[in-house]
>>> print(open('work00.cif').read())   # mmCIF, C-alpha atoms and all ligand atoms
data_run
#
loop_
_atom_site.label_atom_id
_atom_site.label_comp_id
_atom_site.auth_asym_id
_atom_site.auth_seq_id
_atom_site.Cartn_x
_atom_site.Cartn_y
_atom_site.Cartn_z
CA MET T 1 -58.47 -24.27 98.79
CA ASP T 2 -62.18 -24.97 99.02
CA LEU T 3 -64.40 -25.79 101.96
CA SER T 4 -63.79 -29.52 101.56
CA ALA T 5 -60.43 -28.85 103.26
CA PHE T 6 -62.41 -28.74 106.51
CA ASP T 7 -63.96 -32.14 105.77
CA LEU T 8 -63.05 -35.08 108.00
CA LYS T 9 -64.69 -37.73 105.80
CA GLY T 10 -62.95 -41.11 105.91
CA LYS T 11 -60.82 -40.12 108.91
CA VAL T 12 -60.60 -42.18 112.10
CA ALA T 13 -60.51 -39.95 115.17
CA LEU T 14 -59.57 -41.10 118.67
CA ILE T 15 -60.63 -38.76 121.45
CA THR T 16 -59.31 -39.71 124.88
CA GLY T 17 -61.59 -38.90 127.80
CA GLY T 18 -64.34 -38.55 125.20
CA ALA T 19 -67.27 -39.98 127.15
CA HIS T 20 -68.49 -36.57 128.33
CA GLY T 21 -67.66 -32.89 128.60
CA ILE T 22 -65.28 -31.15 126.21
CA GLY T 23 -64.07 -34.44 124.69
CA PHE T 24 -67.60 -35.53 123.89
CA SER T 25 -68.44 -32.21 122.21
CA ILE T 26 -65.27 -32.30 120.11
CA ALA T 27 -66.08 -35.86 119.02
CA GLU T 28 -69.67 -34.92 118.20
CA GLY T 29 -68.41 -32.02 116.04
CA MET T 30 -65.87 -34.22 114.27
CA ALA T 31 -68.57 -36.82 113.59
CA LYS T 32 -70.71 -34.12 111.97
CA CYS T 33 -67.73 -33.32 109.72
CA GLY T 34 -67.56 -36.96 108.64
CA ALA T 35 -65.02 -38.60 110.97
CA THR T 36 -65.47 -42.06 112.45
CA ILE T 37 -65.31 -41.65 116.22
CA CYS T 38 -63.37 -43.77 118.67
CA PHE T 39 -63.35 -42.59 122.24
CA ASN T 40 -61.55 -43.70 125.33
CA CYS T 41 -62.37 -43.48 129.01
CA SER T 42 -60.80 -44.84 132.18
CA SER T 43 -63.58 -47.14 133.45
CA GLU T 44 -66.17 -49.61 132.17
CA ALA T 45 -68.88 -47.58 133.93
CA SER T 46 -68.08 -44.38 132.03
CA LEU T 47 -67.73 -46.45 128.85
CA GLU T 48 -71.37 -47.55 129.14
CA LYS T 49 -72.50 -43.98 129.85
CA GLY T 50 -70.43 -42.67 126.95
CA LEU T 51 -71.77 -45.24 124.49
CA ALA T 52 -75.32 -44.31 125.52
CA ALA T 53 -74.58 -40.60 125.06
CA TYR T 54 -73.18 -41.12 121.54
CA LYS T 55 -76.14 -43.35 120.66
CA ALA T 56 -78.55 -40.64 121.87
CA ALA T 57 -76.68 -38.13 119.66
CA GLY T 58 -77.09 -40.46 116.67
CA ILE T 59 -73.36 -41.23 116.45
CA ASP T 60 -72.08 -44.75 115.89
CA ALA T 61 -68.99 -44.43 118.11
CA HIS T 62 -66.47 -47.08 119.15
CA GLY T 63 -65.64 -46.96 122.86
CA TYR T 64 -62.59 -48.33 124.69
CA ALA T 65 -61.81 -48.41 128.41
CA ALA T 66 -58.10 -47.90 129.16
CA ASP T 67 -56.02 -45.84 131.55
CA VAL T 68 -54.03 -43.53 129.25
CA SER T 69 -51.14 -43.48 131.73
CA ASP T 70 -50.72 -47.25 131.28
CA GLU T 71 -48.47 -47.75 128.24
CA ASP T 72 -49.41 -51.41 127.66
CA ALA T 73 -53.13 -50.65 127.94
CA VAL T 74 -52.77 -47.80 125.43
CA ASN T 75 -50.82 -49.96 122.97
CA ALA T 76 -53.47 -52.69 123.24
CA MET T 77 -56.26 -50.14 122.70
CA VAL T 78 -54.62 -48.57 119.64
CA ALA T 79 -53.98 -52.05 118.16
CA LYS T 80 -57.63 -52.94 118.75
CA ILE T 81 -58.80 -49.71 117.07
CA LYS T 82 -56.54 -50.43 114.10
CA ALA T 83 -58.03 -53.93 113.74
CA GLU T 84 -61.66 -52.92 114.31
CA VAL T 85 -61.86 -49.46 112.73
CA GLY T 86 -58.56 -48.59 111.06
CA PRO T 87 -55.38 -46.68 111.90
CA VAL T 88 -55.94 -43.45 113.82
CA ASP T 89 -55.73 -40.35 111.58
CA ILE T 90 -56.66 -37.81 114.27
CA LEU T 91 -55.68 -38.15 117.92
CA VAL T 92 -57.16 -35.78 120.49
CA ASN T 93 -55.32 -36.03 123.81
CA ASN T 94 -58.12 -34.78 126.02
CA ALA T 95 -58.12 -37.16 129.00
CA GLY T 96 -57.28 -35.43 132.23
CA LEU T 97 -58.10 -35.05 135.86
CA MET T 98 -58.21 -32.17 138.29
CA LYS T 99 -57.23 -32.08 141.95
CA ARG T 100 -57.60 -28.65 143.56
CA VAL T 101 -55.38 -28.77 146.65
CA PRO T 102 -53.06 -26.10 148.13
CA MET T 103 -49.55 -27.14 147.12
CA VAL T 104 -48.24 -27.38 150.68
CA GLU T 105 -50.99 -29.91 151.44
CA MET T 106 -50.56 -31.95 148.27
CA ARG T 107 -48.97 -35.38 148.39
CA HIS T 108 -46.21 -36.10 145.89
CA ALA T 109 -48.11 -39.19 144.66
CA ASP T 110 -51.22 -37.09 143.87
CA PHE T 111 -49.11 -34.47 142.11
CA MET T 112 -47.44 -37.15 139.97
CA ARG T 113 -50.78 -38.82 139.16
CA VAL T 114 -52.02 -35.58 137.57
CA ILE T 115 -48.80 -35.24 135.57
CA ASP T 116 -48.93 -38.89 134.56
CA VAL T 117 -52.47 -38.77 133.16
CA HIS T 118 -52.09 -35.47 131.27
CA VAL T 119 -48.50 -35.72 130.08
CA GLY T 120 -47.74 -39.44 130.31
CA GLY T 121 -51.12 -40.16 128.72
CA ALA T 122 -50.48 -37.81 125.79
CA PHE T 123 -47.02 -39.32 125.39
CA ASN T 124 -48.35 -42.90 125.39
CA CYS T 125 -51.22 -42.24 123.00
CA SER T 126 -49.12 -40.15 120.60
CA LYS T 127 -46.33 -42.70 120.63
CA ALA T 128 -48.83 -45.46 119.84
CA VAL T 129 -50.39 -43.70 116.81
CA LEU T 130 -47.28 -42.02 115.36
CA PRO T 131 -45.80 -45.04 113.50
CA ASP T 132 -48.92 -45.46 111.34
CA MET T 133 -49.11 -41.71 110.75
CA MET T 134 -45.44 -41.71 109.69
CA GLU T 135 -46.10 -44.55 107.28
CA LYS T 136 -49.15 -42.78 105.84
CA GLN T 137 -47.22 -39.50 105.68
CA GLU T 138 -50.05 -37.65 107.36
CA GLY T 139 -51.63 -37.29 110.76
CA LYS T 140 -53.07 -34.84 113.26
CA ILE T 141 -52.49 -34.75 116.99
CA ILE T 142 -54.40 -32.21 119.07
CA ASN T 143 -53.42 -31.78 122.71
CA ILE T 144 -56.07 -30.24 124.92
CA CYS T 145 -54.17 -27.59 126.85
CA SER T 146 -55.59 -25.03 129.25
CA MET T 147 -55.39 -21.47 130.58
CA MET T 148 -53.01 -23.23 132.98
CA SER T 149 -50.62 -23.87 130.08
CA GLU T 150 -49.84 -20.14 130.50
CA LEU T 151 -51.11 -18.99 133.89
CA GLY T 152 -51.05 -20.17 137.47
CA ARG T 153 -53.52 -19.82 140.28
CA GLU T 154 -54.12 -21.08 143.82
CA THR T 155 -54.58 -24.85 144.34
CA VAL T 156 -53.80 -26.09 140.81
CA SER T 157 -50.01 -26.61 140.93
CA ALA T 158 -50.12 -30.15 139.52
CA TYR T 159 -52.63 -29.25 136.79
CA ALA T 160 -50.63 -26.15 135.75
CA ALA T 161 -47.36 -28.10 135.72
CA ALA T 162 -49.06 -30.79 133.62
CA LYS T 163 -50.69 -28.39 131.14
CA GLY T 164 -47.48 -26.39 130.77
CA ALA T 165 -45.63 -29.61 129.99
CA LEU T 166 -48.33 -30.65 127.53
CA LYS T 167 -47.79 -27.37 125.66
CA MET T 168 -44.09 -28.20 125.30
CA LEU T 169 -44.78 -31.82 124.34
CA THR T 170 -46.94 -30.35 121.58
CA LYS T 171 -44.08 -28.25 120.25
CA ASN T 172 -41.71 -31.20 120.48
CA ILE T 173 -43.96 -33.62 118.58
CA ALA T 174 -44.38 -30.93 115.90
CA SER T 175 -40.61 -30.50 115.76
CA GLU T 176 -39.78 -34.19 115.70
CA TYR T 177 -42.44 -35.47 113.28
CA GLY T 178 -43.32 -32.45 111.13
CA GLU T 179 -41.20 -33.85 108.31
CA TYR T 180 -43.69 -36.73 108.02
CA ASN T 181 -46.52 -34.27 107.32
CA ILE T 182 -47.79 -34.79 110.87
CA GLN T 183 -49.18 -31.75 112.63
CA CYS T 184 -49.35 -31.56 116.41
CA ASN T 185 -51.10 -28.52 117.82
CA GLY T 186 -52.74 -27.64 121.08
CA MET T 187 -56.20 -26.26 121.74
CA GLY T 188 -56.52 -24.37 124.98
CA PRO T 189 -60.02 -24.02 126.37
CA GLY T 190 -60.75 -21.04 128.59
CA TYR T 191 -63.16 -21.53 131.46
CA ILE T 192 -65.82 -23.90 130.16
CA ALA T 193 -69.02 -24.93 131.91
CA THR T 194 -68.45 -28.67 132.44
CA ALA T 195 -68.59 -31.11 135.36
CA GLN T 196 -64.87 -30.42 135.98
CA THR T 197 -65.56 -26.73 136.69
CA ALA T 198 -68.97 -27.23 138.38
CA PRO T 199 -67.47 -26.71 141.88
CA LEU T 200 -66.28 -23.27 140.70
CA ARG T 201 -69.78 -22.28 139.62
CA GLU T 202 -71.77 -23.62 142.58
CA VAL T 203 -74.50 -21.26 143.77
CA GLN T 204 -73.74 -20.10 147.33
CA PRO T 205 -75.96 -20.88 150.36
CA ASP T 206 -77.26 -17.27 150.25
CA GLY T 207 -78.24 -17.72 146.57
CA SER T 208 -75.39 -15.58 145.20
CA ARG T 209 -73.04 -16.69 142.43
CA HIS T 210 -69.79 -18.40 143.47
CA PRO T 211 -67.04 -15.73 143.80
CA PHE T 212 -64.96 -17.63 141.22
CA ASP T 213 -67.90 -17.60 138.82
CA GLN T 214 -68.15 -13.80 139.19
CA PHE T 215 -64.38 -13.46 138.86
CA ILE T 216 -64.22 -15.50 135.64
CA THR T 217 -67.12 -13.69 134.02
CA ALA T 218 -65.38 -10.39 134.76
CA LYS T 219 -61.99 -11.72 133.55
CA THR T 220 -63.43 -12.94 130.23
CA PRO T 221 -63.92 -10.27 127.54
CA ALA T 222 -66.76 -12.40 126.18
CA GLY T 223 -68.44 -11.96 129.57
CA ARG T 224 -69.47 -15.59 129.93
CA TRP T 225 -68.24 -19.11 130.56
CA GLY T 226 -67.50 -21.10 127.44
CA ASP T 227 -69.69 -23.93 126.28
CA PRO T 228 -68.17 -27.30 125.23
CA GLU T 229 -69.64 -26.51 121.77
CA ASP T 230 -67.29 -23.50 121.55
CA MET T 231 -64.39 -25.97 121.37
CA VAL T 232 -65.60 -27.69 118.20
CA GLY T 233 -64.63 -25.19 115.47
CA PRO T 234 -61.02 -24.77 116.63
CA CYS T 235 -60.55 -28.55 116.94
CA VAL T 236 -62.14 -29.36 113.57
CA PHE T 237 -59.81 -26.79 112.01
CA LEU T 238 -56.76 -28.36 113.68
CA ALA T 239 -57.93 -31.86 112.64
CA SER T 240 -58.50 -30.94 109.00
CA HIS T 241 -56.35 -30.27 105.93
CA ALA T 242 -57.19 -26.59 106.35
CA SER T 243 -54.44 -26.50 109.00
CA ASP T 244 -51.78 -28.55 107.17
CA PHE T 245 -49.14 -25.81 107.50
CA VAL T 246 -50.00 -25.00 111.13
CA ASN T 247 -47.71 -26.90 113.47
CA GLY T 248 -46.69 -26.61 117.11
CA GLN T 249 -49.20 -23.88 117.88
CA ILE T 250 -51.58 -23.56 120.80
CA LEU T 251 -54.93 -22.15 119.73
CA TYR T 252 -56.65 -20.69 122.76
CA ALA T 253 -60.44 -20.65 122.65
CA ASP T 254 -60.94 -18.63 125.81
CA GLY T 255 -63.31 -15.77 125.03
CA GLY T 256 -60.27 -13.47 125.17
CA ILE T 257 -59.03 -14.22 128.73
CA LEU T 258 -55.34 -14.42 127.82
CA ALA T 259 -55.49 -11.10 125.96
CA TYR T 260 -56.98 -9.21 128.89
CA ILE T 261 -55.15 -7.71 131.88
CA GLY T 262 -58.43 -7.68 133.80
CA ARG T 263 -60.92 -5.14 135.05
CA GLN T 264 -59.72 -2.54 137.55
CA PRO T 265 -61.34 -2.85 140.98
CA LYS T 266 -64.29 -0.47 141.43
C1 LIG V 1 -59.31 -24.23 137.61
C2 LIG V 1 -59.96 -24.87 136.43
C3 LIG V 1 -59.15 -24.78 135.20
C4 LIG V 1 -59.98 -25.17 134.02
C5 LIG V 1 -59.38 -25.00 132.67
C6 LIG V 1 -58.93 -23.62 132.37
O1 LIG V 1 -59.47 -24.77 138.69
O2 LIG V 1 -58.72 -23.14 137.47
O3 LIG V 1 -60.27 -26.18 136.68
O4 LIG V 1 -58.00 -25.49 135.39
O5 LIG V 1 -60.43 -26.46 134.16
O6 LIG V 1 -58.44 -25.97 132.37
O7 LIG V 1 -58.47 -23.56 131.06
CA CA V 2 -63.70 -35.23 130.78
#
>>> encode(input="work00.cif", output="structure tokens", more="lines below")
Ligand code: GCO
Ligand code: CA
Amino acid sequence: MDLSAFDLKGKVALITGGAHGIGFSIAEGMAKCGATICFNCSSEASLEKGLAAYKAAGIDAHGYAADVSDEDAVNAMVAKIKAEVGPVDILVNNAGLMKRVPMVEMRHADFMRVIDVHVGGAFNCSKAVLPDMMEKQEGKIINICSMMSELGRETVSAYAAAKGALKMLTKNIASEYGEYNIQCNGMGPGYIATAQTAPLREVQPDGSRHPFDQFITAKTPAGRWGDPEDMVGPCVFLASHASDFVNGQILYADGGILAYIGRQPK
């Protein structure tokens, strides 16, 4: 094996929820490795913002607005990508949403919406790209998991249920389609400084750091929040031929959180 195994030249990558945050950084990294970038987002407004962000980064990306939980919309989007860019070689199921609500106060409809976007969305997008991957006898699907694929905490019941399910969907896609030389793996970000986690890092009225911010820094052996850039290497690896015999795994890029029992109270 030589370093060209990490190359993504000639590959078409679709990153859902790729207009900003972790998805955008992953797409930017894959573009640097040679992939043609298609990204998805849920609204026309974020599509415009996303296209401008890619343009500013010097990346000629193709953007598509579609709700990943809507099967027909996903099928139409994937067909459009195939016609305009080519069949998808690398799918990154990154689109998601967060609702932090104590479980006893959460409405069933809100719970199911979170599940539907994370799990139903990954199902719809994977299902739409798999036939071409099977025909080509190669393909990469990367599901963006979470610390909540393994751990629970207050207020995130729907998100944890969704990310746990996404981990198992990952293993099932690997099991069901591995014989077609299709690899489906997960990448689990730790606590990353993005808009999604901004409420957990908000500076307090008295100027002190948010208690959750202090808690996470202490709980992370790396001693810091992750940066969206930290997600690039693991995802490029999982998207490239360097990982062709890696299937059904979740690669956690968490600064060591899952390895650490935590600091004893002073
Ligand atoms: C939370 C956070 C997490 C992170 C991330 C952790 O409220 O605990 O939002 O869910 O977003 O997914 O890996
Ligand atoms: Ca996002």
>>> closest_residue(input="work00.cif", among="T:Ala31, T:Ala65, T:Val114, T:Ile182", to="Leu97 in chain T", atoms="only C-alpha atoms")
T:Val114
>>> atom_distance(input="work00.cif", atom1="CA of Gln214 in chain T", atom2="CA of Gly188 in chain T")
21.2 Å
>>> residues_near_point(input="work00.cif", point="(-50.8, -26.6, 126.2)", cutoff="8 Å", atoms="all atoms listed in the file", output="PDB file with C-alpha atoms, in the frame of the given file")
ATOM      1  CA  ASN T 143     -53.420 -31.780 122.710  1.00  0.00           C
ATOM      2  CA  ILE T 144     -56.070 -30.240 124.920  1.00  0.00           C
ATOM      3  CA  CYS T 145     -54.170 -27.590 126.850  1.00  0.00           C
ATOM      4  CA  SER T 146     -55.590 -25.030 129.250  1.00  0.00           C
ATOM      5  CA  MET T 148     -53.010 -23.230 132.980  1.00  0.00           C
ATOM      6  CA  SER T 149     -50.620 -23.870 130.080  1.00  0.00           C
ATOM      7  CA  GLU T 150     -49.840 -20.140 130.500  1.00  0.00           C
ATOM      8  CA  LYS T 163     -50.690 -28.390 131.140  1.00  0.00           C
ATOM      9  CA  GLY T 164     -47.480 -26.390 130.770  1.00  0.00           C
ATOM     10  CA  ALA T 165     -45.630 -29.610 129.990  1.00  0.00           C
ATOM     11  CA  LEU T 166     -48.330 -30.650 127.530  1.00  0.00           C
ATOM     12  CA  LYS T 167     -47.790 -27.370 125.660  1.00  0.00           C
ATOM     13  CA  MET T 168     -44.090 -28.200 125.300  1.00  0.00           C
ATOM     14  CA  THR T 170     -46.940 -30.350 121.580  1.00  0.00           C
ATOM     15  CA  GLY T 186     -52.740 -27.640 121.080  1.00  0.00           C
ATOM     16  CA  MET T 187     -56.200 -26.260 121.740  1.00  0.00           C
ATOM     17  CA  GLY T 188     -56.520 -24.370 124.980  1.00  0.00           C
ATOM     18  CA  ILE T 250     -51.580 -23.560 120.800  1.00  0.00           C
TER      19      ILE T 250
END
>>> residues_near_ligand(input="work00.cif", ligand="ligand LIG 1 (chain V)", cutoff="10 Å", atoms="all atoms listed in the file", output="NGL selection string")
:T and (96-101 or 144-157 or 159-160 or 163 or 187-200 or 212 or 216 or 252-254 or 257)
>>> write_last_selection(input="work00.cif", atoms="C-alpha atoms", output="mmCIF file, in the coordinates of the input")
data_model
loop_
_atom_site.group_PDB
_atom_site.id
_atom_site.type_symbol
_atom_site.label_atom_id
_atom_site.label_comp_id
_atom_site.auth_asym_id
_atom_site.auth_seq_id
_atom_site.Cartn_x
_atom_site.Cartn_y
_atom_site.Cartn_z
ATOM 1 C CA GLY T 96 -57.280 -35.430 132.230
ATOM 2 C CA LEU T 97 -58.100 -35.050 135.860
ATOM 3 C CA MET T 98 -58.210 -32.170 138.290
ATOM 4 C CA LYS T 99 -57.230 -32.080 141.950
ATOM 5 C CA ARG T 100 -57.600 -28.650 143.560
ATOM 6 C CA VAL T 101 -55.380 -28.770 146.650
ATOM 7 C CA ILE T 144 -56.070 -30.240 124.920
ATOM 8 C CA CYS T 145 -54.170 -27.590 126.850
ATOM 9 C CA SER T 146 -55.590 -25.030 129.250
ATOM 10 C CA MET T 147 -55.390 -21.470 130.580
ATOM 11 C CA MET T 148 -53.010 -23.230 132.980
ATOM 12 C CA SER T 149 -50.620 -23.870 130.080
ATOM 13 C CA GLU T 150 -49.840 -20.140 130.500
ATOM 14 C CA LEU T 151 -51.110 -18.990 133.890
ATOM 15 C CA GLY T 152 -51.050 -20.170 137.470
ATOM 16 C CA ARG T 153 -53.520 -19.820 140.280
ATOM 17 C CA GLU T 154 -54.120 -21.080 143.820
ATOM 18 C CA THR T 155 -54.580 -24.850 144.340
ATOM 19 C CA VAL T 156 -53.800 -26.090 140.810
ATOM 20 C CA SER T 157 -50.010 -26.610 140.930
ATOM 21 C CA TYR T 159 -52.630 -29.250 136.790
ATOM 22 C CA ALA T 160 -50.630 -26.150 135.750
ATOM 23 C CA LYS T 163 -50.690 -28.390 131.140
ATOM 24 C CA MET T 187 -56.200 -26.260 121.740
ATOM 25 C CA GLY T 188 -56.520 -24.370 124.980
ATOM 26 C CA PRO T 189 -60.020 -24.020 126.370
ATOM 27 C CA GLY T 190 -60.750 -21.040 128.590
ATOM 28 C CA TYR T 191 -63.160 -21.530 131.460
ATOM 29 C CA ILE T 192 -65.820 -23.900 130.160
ATOM 30 C CA ALA T 193 -69.020 -24.930 131.910
ATOM 31 C CA THR T 194 -68.450 -28.670 132.440
ATOM 32 C CA ALA T 195 -68.590 -31.110 135.360
ATOM 33 C CA GLN T 196 -64.870 -30.420 135.980
ATOM 34 C CA THR T 197 -65.560 -26.730 136.690
ATOM 35 C CA ALA T 198 -68.970 -27.230 138.380
ATOM 36 C CA PRO T 199 -67.470 -26.710 141.880
ATOM 37 C CA LEU T 200 -66.280 -23.270 140.700
ATOM 38 C CA PHE T 212 -64.960 -17.630 141.220
ATOM 39 C CA ILE T 216 -64.220 -15.500 135.640
ATOM 40 C CA TYR T 252 -56.650 -20.690 122.760
ATOM 41 C CA ALA T 253 -60.440 -20.650 122.650
ATOM 42 C CA ASP T 254 -60.940 -18.630 125.810
ATOM 43 C CA ILE T 257 -59.030 -14.220 128.730
#
>>> residues_near_ligand(input="work00.cif", ligand="ligand CA 2 (chain V)", cutoff="7 Å", atoms="all atoms listed in the file", output="list in words")
Gly17, Gly18, Ala19, His20, Gly21, Ile22, Gly23, Ala95 and Gly96 of chain T
>>> closest_residue(input="work00.cif", among="T:Tyr64, T:Tyr54, T:Phe6, T:Phe24", to="Cys41 in chain T", atoms="all atoms listed in the file")
T:Tyr64
>>> residues_around(input="work00.cif", residues="Lys9 in chain T", least_positions_apart="6", cutoff="9 Å", atoms="all atoms listed in the file", output="VMD selection string")
chain T and resid 31 33 to 36
>>> atom_distance(input="work00.cif", atom1="CA of Ala158 in chain T", atom2="CA of Met112 in chain T")
7.5 Å
>>> residues_around(input="work00.cif", residues="Ala122 in chain T", least_positions_apart="6", cutoff="9 Å", atoms="all atoms listed in the file", output="PyMOL selection string")
chain T and resi 68-69+92-95+116+143+166+169
>>> residues_around(input="work00.cif", residues="Asn75 in chain T", least_positions_apart="2", cutoff="10 Å", atoms="all atoms listed in the file", output="JSON, numbers by chain")
{"T": [66, 68, 70, 71, 72, 73, 77, 78, 79, 80, 81, 124, 125, 127, 128, 129]}
>>> residues_around(input="work00.cif", residues="range 56-60 of chain T", least_positions_apart="2", cutoff="10 Å", atoms="all atoms listed in the file", output="JSON, numbers by chain")
{"T": [27, 28, 31, 32, 36, 37, 38, 50, 51, 52, 53, 54, 62, 63]}
>>> closest_residue(input="work00.cif", among="T:Leu47, T:Gln183, T:Asp206, T:Lys219", to="His241 in chain T", atoms="only C-alpha atoms")
T:Gln183
>>> atom_distance(input="work00.cif", atom1="CA of Ser175 in chain T", atom2="CA of Phe245 in chain T")
12.8 Å
>>> residues_around(input="work00.cif", residues="Gln264 in chain T", least_positions_apart="3", cutoff="12 Å", atoms="only C-alpha atoms", output="MDAnalysis selection string")
chainID T and resid 215 218:219 260:261
>>> closest_residue(input="work00.cif", among="T:Pro131, T:Gly139, T:Pro102, T:Gly29", to="Ser243 in chain T", atoms="only C-alpha atoms")
T:Gly139
>>> closest_residue(input="work00.cif", among="T:Lys55, T:Gly255, T:Asp2, T:Ile141", to="Met231 in chain T", atoms="all atoms listed in the file")
T:Gly255
